[in-house]
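Okay, coords25.txt now, which holds compact mmCIF, C-alpha atoms:
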# COMPACT_ATOMS: atom_id res chain seq x y z
CA MET F 1 0.00 0.00 0.00
CA THR F 2 1.37 3.40 -0.99
CA HIS F 3 1.59 5.75 1.97
CA PRO F 4 -0.18 9.05 1.22
CA ARG F 5 1.92 12.21 1.00
CA GLY F 6 -0.47 13.88 3.43
CA PRO F 7 -4.11 13.75 4.56
CA LEU F 8 -5.16 15.66 1.43
CA ASP F 9 -3.08 13.59 -0.99
CA GLY F 10 -5.09 13.19 -4.21
CA VAL F 11 -6.99 16.47 -3.90
CA ARG F 12 -6.43 18.75 -6.90
CA VAL F 13 -6.78 22.51 -6.57
CA VAL F 14 -6.56 25.40 -9.05
CA SER F 15 -6.26 28.86 -7.54
CA CYS F 16 -6.53 32.22 -9.29
CA SER F 17 -5.91 34.06 -6.04
CA THR F 18 -3.57 36.73 -4.75
CA ALA F 19 -2.83 38.62 -1.51
CA GLN F 20 -3.38 36.76 1.77
CA ALA F 21 -6.95 35.64 2.47
CA GLY F 22 -7.09 34.28 -1.08
CA THR F 23 -3.85 32.29 -0.91
CA VAL F 24 -3.44 30.98 2.64
CA PRO F 25 -6.25 28.37 2.29
CA TYR F 26 -4.36 26.74 -0.57
CA THR F 27 -1.00 26.89 1.20
CA LEU F 28 -2.62 25.01 4.08
CA MET F 29 -3.91 22.46 1.57
CA ALA F 30 -0.45 22.11 0.04
CA ASP F 31 1.04 21.57 3.51
CA LEU F 32 -1.35 18.63 3.87
CA GLY F 33 -0.51 17.02 0.55
CA ALA F 34 -2.96 18.53 -1.95
CA ASP F 35 -1.74 19.26 -5.48
CA VAL F 36 -2.24 23.03 -5.71
CA ILE F 37 -1.69 24.95 -8.95
CA LYS F 38 -1.48 28.71 -8.58
CA ILE F 39 -2.32 30.68 -11.72
CA GLU F 40 -0.29 33.87 -12.16
CA THR F 41 0.07 36.47 -14.91
CA PRO F 42 3.13 35.95 -17.12
CA ASN F 43 4.36 39.54 -16.67
CA GLY F 44 5.36 39.65 -13.03
CA GLY F 45 2.90 37.23 -11.45
CA ASP F 46 1.28 37.83 -8.10
CA SER F 47 2.21 41.39 -7.10
CA SER F 48 2.93 40.24 -3.56
CA ARG F 49 6.12 38.58 -4.86
CA THR F 50 7.74 41.99 -4.38
CA SER F 51 6.27 42.68 -0.92
CA SER F 52 8.45 42.62 2.20
CA VAL F 53 11.64 41.63 0.42
CA PHE F 54 14.88 41.92 2.38
CA PRO F 55 18.43 41.61 0.94
CA GLY F 56 19.39 38.00 0.41
CA LEU F 57 15.93 36.67 1.31
CA PRO F 58 12.66 35.90 -0.48
CA SER F 59 9.50 37.91 0.15
CA THR F 60 8.22 37.14 3.65
CA TYR F 61 4.68 37.91 2.47
CA PHE F 62 4.70 35.75 -0.66
CA GLU F 63 6.61 32.93 0.98
CA THR F 64 4.30 32.68 3.99
CA ASN F 65 1.18 32.65 1.83
CA ASN F 66 2.25 30.51 -1.15
CA ARG F 67 4.63 27.83 0.04
CA GLY F 68 4.24 24.35 -1.40
CA VAL F 69 2.10 25.33 -4.40
CA LYS F 70 2.93 25.09 -8.11
CA SER F 71 3.16 28.23 -10.25
CA VAL F 72 1.69 28.23 -13.77
CA THR F 73 1.52 31.47 -15.74
CA LEU F 74 -1.51 32.17 -17.94
CA ASN F 75 -2.60 35.30 -19.75
CA LEU F 76 -6.30 34.75 -19.19
CA LYS F 77 -7.19 37.54 -21.59
CA THR F 78 -6.34 35.11 -24.39
CA VAL F 79 -8.56 32.29 -25.67
CA GLU F 80 -5.70 29.80 -25.56
CA ALA F 81 -4.94 30.50 -21.89
CA ARG F 82 -8.57 30.16 -20.91
CA GLU F 83 -8.68 26.80 -22.69
CA ILE F 84 -5.69 25.67 -20.59
CA LEU F 85 -7.49 26.85 -17.46
CA TYR F 86 -10.60 24.92 -18.46
CA ARG F 87 -8.55 21.74 -18.89
CA LEU F 88 -7.13 22.22 -15.42
CA VAL F 89 -10.61 22.83 -13.98
CA ALA F 90 -12.01 19.72 -15.68
CA ARG F 91 -9.81 17.49 -13.53
CA ALA F 92 -9.79 19.66 -10.38
CA ASP F 93 -11.68 19.17 -7.13
CA ILE F 94 -11.50 22.79 -6.02
CA PHE F 95 -11.17 26.14 -7.78
CA GLY F 96 -10.55 29.37 -5.87
CA GLN F 97 -10.49 33.07 -6.70
CA ASN F 98 -10.55 36.34 -4.77
CA PHE F 99 -10.99 38.82 -7.61
CA ARG F 100 -13.14 41.89 -7.09
CA PRO F 101 -16.80 40.79 -7.41
CA GLY F 102 -17.78 40.41 -11.06
CA ALA F 103 -14.23 40.18 -12.44
CA ALA F 104 -14.12 36.38 -12.62
CA GLU F 105 -17.41 36.29 -14.53
CA LYS F 106 -16.18 38.98 -16.92
CA ASN F 107 -13.01 37.01 -17.64
CA GLY F 108 -14.67 33.66 -18.25
CA PHE F 109 -14.06 31.80 -15.00
CA GLY F 110 -17.10 32.57 -12.88
CA TYR F 111 -18.95 29.76 -11.14
CA GLU F 112 -21.66 29.32 -13.76
CA ALA F 113 -19.06 28.91 -16.50
CA LEU F 114 -16.83 26.47 -14.62
CA LYS F 115 -19.59 24.24 -13.27
CA GLN F 116 -20.55 23.50 -16.88
CA ILE F 117 -17.06 22.06 -17.30
CA ASN F 118 -16.99 20.22 -13.96
CA PRO F 119 -20.36 19.77 -12.18
CA LYS F 120 -18.68 18.37 -9.05
CA LEU F 121 -16.37 21.37 -8.73
CA VAL F 122 -16.10 23.16 -5.39
CA TYR F 123 -15.80 26.84 -6.35
CA VAL F 124 -14.46 29.11 -3.59
CA SER F 125 -14.93 32.87 -3.82
CA ILE F 126 -13.48 35.29 -1.26
CA SER F 127 -14.61 38.91 -1.10
CA GLY F 128 -14.34 41.87 1.23
CA TYR F 129 -17.92 42.38 2.40
CA GLY F 130 -19.76 39.21 1.34
CA PRO F 131 -21.95 38.47 -1.70
CA LYS F 132 -24.91 40.54 -0.50
CA GLY F 133 -25.45 43.97 1.03
CA PRO F 134 -24.90 47.59 -0.03
CA HIS F 135 -21.11 47.26 -0.36
CA ALA F 136 -20.86 43.79 -1.91
CA ASP F 137 -19.21 45.17 -5.07
CA LEU F 138 -16.46 47.06 -3.24
CA PRO F 139 -12.93 45.73 -2.84
CA GLY F 140 -11.85 44.81 0.67
CA THR F 141 -8.69 44.69 2.77
CA ASP F 142 -7.64 43.36 6.15
CA SER F 143 -7.79 46.79 7.80
CA MET F 144 -11.28 47.39 6.43
CA ALA F 145 -12.57 44.16 7.95
CA GLN F 146 -10.83 44.82 11.26
CA ALA F 147 -12.44 48.26 11.34
CA LEU F 148 -15.95 46.96 10.65
CA GLY F 149 -15.78 43.71 12.61
CA GLY F 150 -15.26 44.99 16.16
CA ILE F 151 -11.77 43.74 16.95
CA ALA F 152 -10.39 47.27 17.30
CA GLN F 153 -12.61 47.78 20.33
CA ALA F 154 -11.78 44.38 21.73
CA TYR F 155 -8.11 45.37 22.14
CA SER F 156 -8.63 49.06 22.84
CA THR F 157 -7.44 51.14 25.78
CA PRO F 158 -10.08 53.27 27.51
CA GLY F 159 -9.75 56.90 26.50
CA GLN F 160 -7.61 56.11 23.45
CA PRO F 161 -8.75 56.11 19.79
CA LEU F 162 -9.71 52.77 18.28
CA ARG F 163 -7.04 51.43 15.91
CA THR F 164 -6.65 48.38 13.73
CA GLY F 165 -3.70 46.08 14.41
CA ILE F 166 -0.59 45.24 12.41
CA VAL F 167 -1.27 41.48 12.34
CA SER F 168 -3.62 40.51 9.51
CA VAL F 169 -6.22 38.83 11.70
CA ALA F 170 -9.08 39.46 9.24
CA ASP F 171 -7.18 37.96 6.31
CA GLU F 172 -6.01 34.95 8.29
CA THR F 173 -9.40 34.28 9.89
CA CYS F 174 -11.14 34.42 6.53
CA ALA F 175 -8.51 32.11 5.05
CA ILE F 176 -8.90 29.49 7.78
CA LEU F 177 -12.70 29.60 7.49
CA ALA F 178 -12.42 29.26 3.71
CA PHE F 179 -10.17 26.25 4.22
CA GLY F 180 -12.80 24.61 6.41
CA GLY F 181 -15.64 25.56 4.08
CA MET F 182 -14.00 24.10 1.01
CA LEU F 183 -13.26 20.83 2.78
CA ALA F 184 -16.91 20.59 3.88
CA ALA F 185 -18.03 21.21 0.29
CA LEU F 186 -15.47 18.70 -1.00
CA HIS F 187 -16.92 16.06 1.32
CA CYS F 188 -20.38 16.80 -0.07
CA ALA F 189 -19.13 16.61 -3.66
CA ARG F 190 -17.41 13.28 -3.09
CA SER F 191 -20.24 11.78 -1.02
CA HIS F 192 -23.21 13.01 -3.05
CA GLY F 193 -21.78 14.15 -6.37
CA VAL F 194 -22.90 17.73 -5.77
CA GLY F 195 -20.51 20.57 -6.48
CA GLN F 196 -21.22 24.08 -5.24
CA LYS F 197 -20.02 27.61 -4.75
CA VAL F 198 -18.63 28.53 -1.33
CA GLU F 199 -18.48 32.24 -0.54
CA CYS F 200 -16.41 33.69 2.30
CA SER F 201 -15.58 37.28 3.16
CA LEU F 202 -13.12 39.22 5.26
CA LEU F 203 -15.97 40.84 7.14
CA GLY F 204 -17.79 37.56 7.74
CA GLY F 205 -14.66 35.95 9.13
CA GLN F 206 -14.03 38.86 11.46
CA ILE F 207 -17.57 38.74 12.83
CA ARG F 208 -17.18 34.99 13.54
CA LEU F 209 -13.89 35.73 15.32
CA MET F 210 -15.71 37.94 17.84
CA GLY F 211 -17.37 34.81 19.24
CA TRP F 212 -19.34 34.85 22.47
CA THR F 213 -18.24 38.41 23.27
CA LEU F 214 -20.31 39.68 20.34
CA THR F 215 -23.27 37.54 21.46
CA THR F 216 -23.05 39.07 24.92
CA ALA F 217 -22.92 42.60 23.50
CA MET F 218 -25.97 41.94 21.31
CA TRP F 219 -28.02 40.39 24.09
CA ARG F 220 -27.16 43.17 26.53
CA ASN F 221 -27.40 45.84 23.82
CA ARG F 222 -24.22 47.52 25.02
CA ASP F 223 -20.54 47.33 24.22
CA PRO F 224 -18.22 45.56 26.65
CA VAL F 225 -15.86 47.38 28.99
CA THR F 226 -12.31 47.14 27.69
CA GLY F 227 -8.97 47.58 29.37
CA GLN F 228 -6.35 45.53 31.13
CA ALA F 229 -8.78 43.26 32.95
CA ARG F 230 -12.17 41.65 32.93
CA ILE F 231 -13.80 40.99 36.28
CA THR F 232 -16.82 38.91 35.40
CA GLY F 233 -19.49 36.66 36.81
CA THR F 234 -21.49 37.28 39.96
CA SER F 235 -20.53 38.11 43.53
CA GLN F 236 -21.21 34.44 44.35
CA ARG F 237 -19.02 33.10 41.50
CA PRO F 238 -16.68 35.85 40.35
CA GLY F 239 -13.97 35.51 37.71
CA ILE F 240 -11.03 37.52 36.51
CA SER F 241 -8.87 37.62 33.38
CA ALA F 242 -6.22 40.26 33.88
CA SER F 243 -2.82 41.41 32.70
CA PHE F 244 -0.16 43.13 34.79
CA ASN F 245 3.44 44.28 34.44
CA ASP F 246 6.28 42.85 36.48
CA ILE F 247 9.19 44.67 38.11
CA GLU F 248 10.82 45.23 34.69
CA GLY F 249 7.61 46.21 32.92
CA LYS F 250 7.19 42.79 31.28
CA PRO F 251 3.49 41.82 31.00
CA LEU F 252 1.78 38.61 32.03
CA VAL F 253 -1.82 37.39 32.16
CA PHE F 254 -3.78 35.04 34.39
CA GLN F 255 -7.37 33.84 34.38
CA LEU F 256 -9.49 32.09 36.97
CA GLN F 257 -13.09 31.48 38.03
CA GLY F 258 -14.49 31.13 41.54
CA ARG F 259 -13.67 32.14 45.11
CA ASP F 260 -11.54 29.07 45.86
CA LYS F 261 -9.35 29.62 42.80
CA TRP F 262 -8.94 33.28 43.76
CA GLN F 263 -7.72 32.38 47.24
CA SER F 264 -5.43 29.66 45.85
CA ALA F 265 -3.89 32.00 43.28
CA MET F 266 -3.32 34.92 45.62
CA THR F 267 -1.95 32.64 48.33
CA ALA F 268 0.51 31.07 45.89
CA LEU F 269 1.71 34.52 44.87
CA GLY F 270 2.05 35.64 48.49
CA PHE F 271 -0.50 38.40 47.92
CA TYR F 272 -3.44 37.04 49.89
CA GLN F 273 -2.74 38.62 53.29
CA ARG F 274 -2.27 42.07 51.77
CA LEU F 275 -5.45 41.73 49.71
CA ALA F 276 -7.44 40.49 52.70
CA GLN F 277 -6.31 43.48 54.74
CA ALA F 278 -7.60 45.72 51.94
CA GLY F 279 -10.96 43.95 51.93
CA PHE F 280 -10.42 41.68 48.92
CA ALA F 281 -10.19 38.26 50.54
CA ASP F 282 -13.22 37.52 48.35
CA LEU F 283 -12.97 38.46 44.66
CA GLY F 284 -16.74 38.92 44.61
CA VAL F 285 -16.30 42.23 46.46
CA ALA F 286 -14.93 43.73 43.22
CA ILE F 287 -18.19 42.94 41.42
CA ALA F 288 -20.05 45.40 43.64
CA SER F 289 -18.86 48.66 42.03
CA ASP F 290 -16.44 50.24 39.57
CA ASP F 291 -14.64 51.90 42.48
CA LYS F 292 -13.94 48.54 44.12
CA ARG F 293 -12.85 47.09 40.78
CA HIS F 294 -10.37 49.92 40.17
CA GLU F 295 -9.09 49.71 43.73
CA LEU F 296 -8.40 45.98 43.39
CA LEU F 297 -6.68 46.32 40.03
CA GLY F 298 -4.52 49.15 41.35
CA LEU F 299 -3.42 47.04 44.29
CA LEU F 300 -2.61 44.10 42.01
CA ASP F 301 -0.58 46.46 39.81
CA GLU F 302 1.55 47.31 42.85
CA LEU F 303 1.98 43.72 43.94
CA PHE F 304 2.96 42.29 40.55
CA ALA F 305 5.47 45.13 40.11
CA THR F 306 7.50 43.75 43.03
CA GLY F 307 8.93 40.74 41.21
CA PRO F 308 9.75 39.08 37.86
CA ARG F 309 7.02 37.64 35.67
CA GLU F 310 8.80 34.29 35.29
CA ARG F 311 8.35 33.79 39.03
CA TRP F 312 4.72 34.93 39.03
CA VAL F 313 3.82 32.65 36.13
CA GLN F 314 5.64 29.69 37.70
CA LEU F 315 3.84 30.16 41.02
CA LEU F 316 0.42 30.48 39.38
CA ARG F 317 0.90 27.44 37.18
CA ALA F 318 2.08 25.41 40.18
CA ALA F 319 -1.22 26.32 41.84
CA ASP F 320 -3.10 25.07 38.76
CA ILE F 321 -4.03 28.60 37.67
CA VAL F 322 -3.97 29.48 33.97
CA ALA F 323 -1.14 31.99 33.49
CA ALA F 324 1.32 32.99 30.79
CA PRO F 325 3.77 35.69 29.81
CA ILE F 326 2.40 38.07 27.18
CA ASN F 327 4.83 37.45 24.35
CA THR F 328 6.02 39.81 21.68
CA LEU F 329 6.08 38.34 18.17
CA LEU F 330 9.73 37.36 18.51
CA GLU F 331 9.15 35.91 21.97
CA ALA F 332 6.23 33.91 20.57
CA SER F 333 8.45 32.49 17.82
CA ASP F 334 10.89 31.21 20.47
CA ASP F 335 8.30 30.05 23.02
CA PRO F 336 9.21 26.52 24.19
CA ASP F 337 5.72 25.13 23.51
CA VAL F 338 5.66 26.71 20.05
CA ILE F 339 9.01 25.11 19.19
CA ALA F 340 8.23 21.71 20.78
CA ASN F 341 5.00 21.37 18.78
CA GLY F 342 6.52 22.52 15.51
CA TYR F 343 4.26 25.56 15.22
CA VAL F 344 7.43 27.34 14.13
CA THR F 345 10.01 25.28 12.26
CA GLU F 346 13.00 25.65 9.95
CA VAL F 347 13.17 25.13 6.19
CA ASP F 348 16.17 25.05 3.84
CA TYR F 349 16.26 27.63 1.04
CA PRO F 350 18.98 26.38 -1.35
CA LYS F 351 18.65 29.40 -3.66
CA TYR F 352 19.57 31.71 -0.79
CA GLY F 353 21.96 29.35 0.97
CA LYS F 354 20.03 29.71 4.20
CA THR F 355 17.91 27.81 6.65
CA LEU F 356 15.05 30.06 7.76
CA LYS F 357 12.44 29.95 10.49
CA VAL F 358 8.91 29.70 9.13
CA HIS F 359 5.40 28.81 10.24
CA GLY F 360 5.04 25.11 10.93
CA SER F 361 1.69 23.35 10.87
CA PRO F 362 -1.05 24.03 13.44
CA TRP F 363 -2.11 20.36 13.12
CA GLU F 364 -0.36 17.14 14.00
CA PHE F 365 -1.45 14.02 12.11
CA SER F 366 -0.23 10.73 13.54
CA GLU F 367 0.02 8.91 10.19
CA THR F 368 0.22 11.62 7.50
CA PRO F 369 2.18 14.57 8.87
CA ALA F 370 2.20 17.93 7.16
CA ARG F 371 5.18 18.75 4.96
CA ILE F 372 6.35 22.34 4.76
CA GLY F 373 7.45 23.46 1.30
CA ILE F 374 8.72 26.70 -0.18
CA ALA F 375 7.07 29.11 -2.59
CA PRO F 376 7.61 28.52 -6.34
CA GLU F 377 9.46 30.68 -8.81
CA LEU F 378 7.16 32.43 -11.28
CA GLY F 379 6.03 29.90 -13.91
CA GLU F 380 8.27 27.21 -12.42
CA HIS F 381 5.77 24.44 -13.20
CA ASN F 382 4.58 25.55 -16.65
CA ASP F 383 6.24 22.78 -18.61
CA ALA F 384 5.44 19.97 -16.18
CA VAL F 385 1.76 20.89 -15.77
CA LEU F 386 1.13 21.57 -19.47
CA THR F 387 2.85 18.34 -20.45
CA GLU F 388 0.62 16.45 -18.01
CA LEU F 389 -2.39 18.09 -19.67
CA GLY F 390 -1.27 16.63 -23.02
CA TYR F 391 0.41 19.59 -24.68
CA SER F 392 3.51 18.90 -26.73
CA GLY F 393 6.84 20.62 -26.32
CA ALA F 394 6.25 22.55 -29.54
CA GLU F 395 2.85 23.74 -28.37
CA ILE F 396 4.28 24.87 -25.04
CA GLN F 397 7.01 26.82 -26.84
CA THR F 398 4.37 28.47 -29.05
CA PHE F 399 2.44 29.48 -25.93
CA ARG F 400 5.62 30.98 -24.53
CA ASP F 401 6.49 32.81 -27.77
CA ASN F 402 2.97 34.26 -28.00
CA LYS F 403 3.02 35.35 -24.34
CA ILE F 404 0.10 33.06 -23.49
CA ILE F 405 2.13 31.61 -20.63
Starting from the file, give its structure as structure tokens.
Amino acid sequence: MTHPRGPLDGVRVVSCSTAQAGTVPYTLMADLGADVIKIETPNGGDSSRTSSVFPGLPSTYFETNNRGVKSVTLNLKTVEAREILYRLVARADIFGQNFRPGAAEKNGFGYEALKQINPKLVYVSISGYGPKGPHADLPGTDSMAQALGGIAQAYSTPGQPLRTGIVSVADETCAILAFGGMLAALHCARSHGVGQKVECSLLGGQIRLMGWTLTTAMWRNRDPVTGQARITGTSQRPGISASFNDIEGKPLVFQLQGRDKWQSAMTALGFYQRLAQAGFADLGVAIASDDKRHELLGLLDELFATGPRERWVQLLRAADIVAAPINTLLEASDDPDVIANGYVTEVDYPKYGKTLKVHGSPWEFSETPARIGIAPELGEHNDAVLTELGYSGAEIQTFRDNKII
């Protein structure tokens, strides 16, 4: 029995996608063994190839979002290139695009056109706002979805303007949801012979990301209080999720629920006697009023500032309290649990003569582990893919001479 290359070995994907939300789903599929063909324009390819390029290194943006896929160049404004695309689609399981709404239809690869070629095709379309609504035809970006989706408030500081963040959470969330959606549709196609169009949007993904906090806001009809801490629950069963700085200004966070956990945590830290003297032997006291809440948080600020966060985190974890340092991006990339689980790994780049740290896989499969590749050169797989489609060497050269590929 031949061992599969990955859990998605045998799945064929064609992607006419650029940027991040439109490419990450297919990189995840390639990590897991799918055969992913990325269609690019012959004159320069995906514009993100030139984003975030540092001397002696490939583009961090393009590499992160396109590793493991195959690059085929097609000038889809030509009849010959569209015919090649249709041949690819005829044998594909999944087709993806994130063009501005209406552009795929205009250029001959909308859903209605491609399902005539392959009725079982899973067609994935990613947009900014979603397929309906007053702004459905507008282009979208990560910052737009962050702005509309509520995450700016979620991480805001009271009294400060709301701002979107530097990490592309809207793009990445949409991409991961698209990945799940296309696999669900693929299961339906293979089980019931029914292909379909799957539509995802940056805005829709960001709304899903807000989770139960959004539900709470809607049911209460008011926005949540933001800041360094949440003191939640009732006076009978209070909870806290809070962040504080240590003696060097390094932040940490801990979270607990219930009076017993509160006493255990504060005792482990050596804070309990001081808190009891101030009237906070019971966390439920802080539920009573904003003044009490602010008084408690101010006292905890003072106490955590007396020692190093490594010690505080160690003491809390030993008491079975959830606690962690608040990592910077670089600290996160070196976190011992991140490294041990392969969430960050290293890959050889022969062209650059370097071994570089990259994203690993967020999944671990016991029998078919993910394999981390590198991004392709522009048009690197033209000859191999076209030959597999049945084109001769002379025909491929004619395509190249006529700027079709």
Open item on the list: With all atoms listed in the file as the counted atoms, please give the residues lying no more than 7 Å from Gln206 (chain F), apart from itself and same-chain residues fewer than 3 positions off, as a list in words.
Closed with: Ala145, Gln146, Gly149, Ala170, Thr173, Leu202, Leu203, Leu209 and Met210 of chain F
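Closest approach to Val13 (chain F) among F:Phe54, F:Phe179, F:Tyr155, F:Phe62 is made by F:Phe179 (distances from only C-alpha atoms).
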Open item on the list: Between F:Ala103, F:Leu57, F:Cys16, F:Met218, which residue has the minimum interatomic distance to Leu356 (chain F), considering all atoms listed in the file?
Closed with: F:Leu57
Task: Test item: residues at most 10 Å from Lys354 (chain F), all atoms listed in the file, excluding those fewer than 6 positions along its chain, as an NGL selection string - done: :F and (56-57 or 346-348)
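Counting from CA of Gly45 (chain F), the distance to CA of Glu80 (chain F) is 18.1 Å.
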Open item on the list: Under the rule that all atoms listed in the file are counted, which of F:Val225, F:Leu296, F:Val358, F:Leu316 is the nearest residue to Arg274 (chain F)?
Closed with: F:Leu296
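With all atoms listed in the file taken into account, the protein and nucleic acid residues at most 7 Å from Arg12 (chain F) (excluding it and anything under 4 positions from it in its own chain) are F:Ala34, F:Asp35, F:Val36, F:Ala92, F:Asp93, F:Ile94.
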Task: F:Ala90, F:Ser191, F:Val169, F:Ala136 ranked by distance to Gln116 (chain F), top pick (using only C-alpha atoms) - done: F:Ala90
TODO: Please identify all polymer residues within 9 Å of Leu85 (chain F), counting all atoms listed in the file, omitting same-chain residues fewer than 3 positions from it, and present them as a PyMOL selection string.
DONE: chain F and resi 14+39+74+76+80-82+88-90+109
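Reported to one decimal place, the separation of CA of Asp337 (chain F) from CA of Arg311 (chain F) is 18.0 Å.
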Task: Selection near region 373-375 of chain F, 12 Å with all atoms listed in the file, sequence-local residues under 2 positions removed, as a PyMOL selection string - done: chain F and resi 23-24+26-34+36-38+46+48-49+58-71+345-352+355-361+370-371+377-381
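Taking CA of Ser235 (chain F) as the reference point, CA of Met266 (chain F) is found at 17.6 Å.
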